[in-house]
Every structure is written in C-alpha cells, then in structure tokens.
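Listing of structure17.cif, mmCIF, C-alpha atoms
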data_query
loop_
_atom_site.label_atom_id
_atom_site.label_comp_id
_atom_site.auth_asym_id
_atom_site.auth_seq_id
_atom_site.Cartn_x
_atom_site.Cartn_y
_atom_site.Cartn_z
CA MET A 24 -12.76 -99.01 21.97
CA THR A 25 -14.01 -95.54 20.99
CA PRO A 26 -11.82 -92.69 19.74
CA ALA A 27 -10.49 -90.20 22.28
CA GLY A 28 -13.07 -87.48 21.64
CA ASP A 29 -16.10 -89.75 21.65
CA GLY A 30 -16.76 -90.15 25.35
CA PRO A 31 -15.41 -92.29 28.17
CA TRP A 32 -13.11 -95.08 27.14
CA LEU A 33 -14.76 -98.31 28.16
CA ASP A 34 -13.93 -101.92 27.57
CA ASP A 35 -16.50 -104.62 28.31
CA ALA A 36 -13.98 -106.78 30.14
CA ALA A 37 -11.68 -104.20 31.71
CA GLY A 38 -14.13 -101.38 32.46
CA ARG A 39 -12.95 -97.77 32.35
CA LEU A 40 -9.63 -97.51 30.53
CA ILE A 41 -8.73 -94.02 31.73
CA ARG A 42 -7.99 -92.93 35.27
CA PRO A 43 -10.85 -91.06 36.97
CA TYR A 44 -8.70 -88.00 37.69
CA THR A 45 -8.21 -87.46 33.95
CA VAL A 46 -11.96 -86.78 33.73
CA SER A 47 -11.44 -83.76 36.00
CA ASN A 48 -8.19 -82.69 34.31
CA GLY A 49 -6.22 -83.79 37.36
CA ARG A 50 -8.17 -81.60 39.77
CA THR A 51 -9.10 -83.20 43.06
CA ARG A 52 -10.81 -80.31 44.85
CA PRO A 53 -14.19 -78.89 43.86
CA SER A 54 -14.58 -75.11 43.79
CA THR A 55 -18.06 -75.37 45.33
CA VAL A 56 -18.88 -76.87 48.73
CA LEU A 57 -20.76 -80.10 48.05
CA THR A 58 -21.55 -83.00 50.34
CA LEU A 59 -22.76 -86.42 49.26
CA LEU A 60 -26.26 -85.35 50.31
CA SER A 61 -26.21 -81.99 48.51
CA GLN A 62 -29.00 -81.66 45.98
CA VAL A 63 -28.10 -80.43 42.50
CA ARG A 64 -30.46 -79.40 39.73
CA ALA A 65 -30.02 -78.10 36.19
CA THR A 66 -30.89 -74.44 35.71
CA GLY A 67 -31.55 -74.68 31.98
CA THR A 68 -28.55 -72.50 31.19
CA ALA A 69 -26.22 -74.10 28.66
CA PRO A 70 -22.59 -74.32 29.80
CA LEU A 71 -20.25 -71.87 28.11
CA GLY A 72 -17.20 -73.36 26.46
CA HIS A 73 -16.35 -76.99 25.98
CA LEU A 74 -16.94 -79.40 28.80
CA GLY A 75 -16.28 -83.13 28.66
CA PRO A 76 -18.80 -85.89 28.01
CA GLU A 77 -19.02 -86.66 31.72
CA HIS A 78 -20.17 -83.08 32.33
CA SER A 79 -22.94 -83.60 29.78
CA GLN A 80 -23.95 -86.90 31.37
CA ALA A 81 -24.03 -85.30 34.82
CA LEU A 82 -26.09 -82.39 33.54
CA GLY A 83 -28.57 -84.82 31.99
CA LEU A 84 -29.01 -86.58 35.32
CA CYS A 85 -29.78 -83.28 37.05
CA ARG A 86 -33.00 -82.40 35.23
CA VAL A 87 -34.70 -83.14 38.55
CA PRO A 88 -33.14 -82.55 41.97
CA VAL A 89 -30.67 -85.34 42.66
CA SER A 90 -28.00 -85.92 45.30
CA VAL A 91 -24.30 -85.83 44.55
CA ALA A 92 -24.08 -89.47 45.68
CA GLU A 93 -26.69 -90.52 43.11
CA VAL A 94 -24.88 -88.68 40.30
CA ALA A 95 -21.60 -90.37 41.27
CA ALA A 96 -23.27 -93.78 41.24
CA HIS A 97 -24.83 -93.22 37.81
CA LEU A 98 -21.56 -91.93 36.36
CA LYS A 99 -19.59 -94.75 38.03
CA LEU A 100 -17.02 -92.22 39.20
CA PRO A 101 -15.55 -91.58 42.65
CA ALA A 102 -17.50 -89.05 44.69
CA MET A 103 -14.66 -86.50 44.76
CA ILE A 104 -14.29 -86.53 40.97
CA THR A 105 -18.06 -86.16 40.63
CA LYS A 106 -17.97 -83.18 43.00
CA VAL A 107 -15.33 -81.54 40.77
CA LEU A 108 -17.48 -82.09 37.66
CA LEU A 109 -20.60 -80.78 39.37
CA SER A 110 -18.78 -77.74 40.75
CA ASP A 111 -17.65 -76.93 37.18
CA LEU A 112 -21.32 -76.92 36.17
CA VAL A 113 -22.27 -74.77 39.18
CA ASP A 114 -19.48 -72.31 38.32
CA CYS A 115 -20.77 -71.83 34.78
CA GLY A 116 -24.38 -71.41 35.94
CA SER A 117 -25.73 -74.69 34.54
CA LEU A 118 -26.44 -76.21 37.96
CA THR A 119 -27.76 -74.93 41.22
CA THR A 120 -27.01 -76.62 44.51
CA LYS A 121 -28.63 -76.82 47.89
CA LEU A 122 -26.95 -78.20 50.97
CA PRO A 123 -29.07 -80.74 52.82
CA SER A 124 -31.33 -79.40 55.49
CA PHE A 125 -31.71 -81.31 58.69
CA HIS A 126 -34.55 -81.24 61.15
CA PRO A 127 -33.56 -78.80 63.93
CA ASN A 128 -34.72 -81.19 66.66
CA PRO A 129 -33.93 -84.80 65.69
CA THR A 130 -35.74 -86.13 68.76
CA ASP A 131 -38.96 -84.30 67.93
CA ARG A 132 -41.86 -86.64 68.73
CA SER A 133 -43.77 -85.90 65.51
CA LEU A 134 -40.68 -86.63 63.42
CA LEU A 135 -40.04 -89.92 65.20
CA GLU A 136 -43.71 -90.93 64.82
CA ALA A 137 -43.58 -90.14 61.09
CA VAL A 138 -40.47 -92.31 60.68
CA LEU A 139 -42.07 -95.14 62.65
CA ASP A 140 -45.26 -94.87 60.58
CA GLY A 141 -43.24 -95.03 57.36
CA LEU A 142 -41.32 -98.07 58.56
CA ARG A 143 -44.56 -99.85 59.50
CA ARG A 144 -45.96 -99.22 56.02
CA GLN A 145 -42.82 -100.77 54.46
CA LEU A 146 -43.15 -103.98 56.50
#
I need this file expressed as structure tokens, please.
Amino acid sequence: MTPAGDGPWLDDAAGRLIRPYTVSNGRTRPSTVLTLLSQVRATGTAPLGHLGPEHSQALGLCRVPVSVAEVAAHLKLPAMITKVLLSDLVDCGSLTTKLPSFHPNPTDRSLLEAVLDGLRRQL
C-alpha cells in the first residue's frame, strides 16, 4: 500500500481502497455541464493550486480530445466522479470542453449511406 499523499490507494487483490467520492472531496455534482459524450481537451494551462493525483491523471489523458466516458474508463472511476474532476479542471482553465454535436437530420440519405459504407468496410 502507498502512503496517503502518493496517489490512489490500490491493493492488487482488493482494488481501490478508498471510496470514489473521497477523490472528489465528497462532491457529487460537477460545476460544468458534461455528458458522457462531451469532448475534453487540455489547454496547456497549468492548474492553479493543489489538485489531487486523479486530476493529474485526467489531465494527462486529455492531451488529445477525448470523451468523458473514455476518461472515466481509464481512471476506473464512476462517470459522475470523473465529471466532477474534469469540471474542476475546466474551472481552473486547464481543460476546454465541447458538447457533442449531432447531425441535424439523422435520416439524411448521405449520412445513412456513409454509415452503411463504413459498416461494409468493417465486415
């Protein structure tokens, strides 16, 4: 087991030894609107003040645009806790976020043909 200040407490057999909500200091609501499909990306601005090791790990994952769901999977944290961590980084200017954009006409023939073409290439 690692000391308290040296990152997440992990045990090979038991897994994470601290409750996920302790990572977010008990907060369960992000200050920024994020969905699982929201894209986040590092801005290059260093966070001011001390943030936890999970914040640093999340920031490292965001060097390229990545979805909130992917960050949560890599961190092995619940999505809501990940949203709180990411919103902390957005609040301090270290991350930028973009809500997912959807095609305005989901039954557009060219869109459906592109999806069908992609599926055929996969098979």
- prompt: Which of these, A:Thr105, A:Ser117, A:Thr58, A:Ser110, has the shortest distance to Leu82 (chain A) once you count only C-alpha atoms?
  reply: A:Ser117
- prompt: With all atoms listed in the file as the basis for distance, which of A:Gly72, A:Gly67, A:Gly83, A:Pro53 is at the shortest distance from Gly116 (chain A)?
  reply: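 Closest candidate: A:Gly67.
When only C-alpha atoms are used to measure the gap to Lys121 (chain A), the shortest distance among A:Gln62, A:Thr68, A:Ser54, A:Ser90 belongs to A:Gln62.
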query: What separation in Å, quoted to one decimal, exists between CA of Val113 (chain A) and CA of Leu60 (chain A)?
result: 15.9 Å
task: Go through A:Pro123, A:Cys85, A:Val94, A:His78 one by one, measure the shortest atom-to-atom distance of each to Ala65 (chain A) using all atoms listed in the file, and give the residue with the smallest value.
output: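 Closest to Ala65 (chain A), using all atoms listed in the file: A:Cys85.
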message: With the PyMOL selection byres ((chain A and resi 103) around 8) as the selection, what would be picked from this file? Answer as a list in words, please.
response: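 Evaluating the PyMOL selection byres ((chain A and resi 103) around 8) on these coordinates yields Thr51, Arg52, Pro53, Pro101, Ala102, Ile104, Thr105, Lys106 and Val107 of chain A.
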Resolved residues for the PyMOL selection byres ((chain A and resi 70) around 6) as an MDAnalysis selection string: chainID A and resid 69 71 115 117
message: Nearest residue to Lys99 (chain A) out of A:Arg143, A:Glu77, A:Leu112, A:Thr120, using all atoms listed in the file?
response: A:Glu77
- prompt: So how many Å separate CA of Leu59 (chain A) and CA of Val87 (chain A), to one decimal?
  reply: 16.4 Å
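Each of A:Thr119, A:Thr130, A:Gln145, A:Ser124 was compared to Thr55 (chain A) using all atoms listed in the file, and A:Thr119 turns out to be the nearest.
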query: CA of Phe125 (chain A) to CA of Gly141 (chain A): how many Å, to one decimal?
result: 18.0 Å
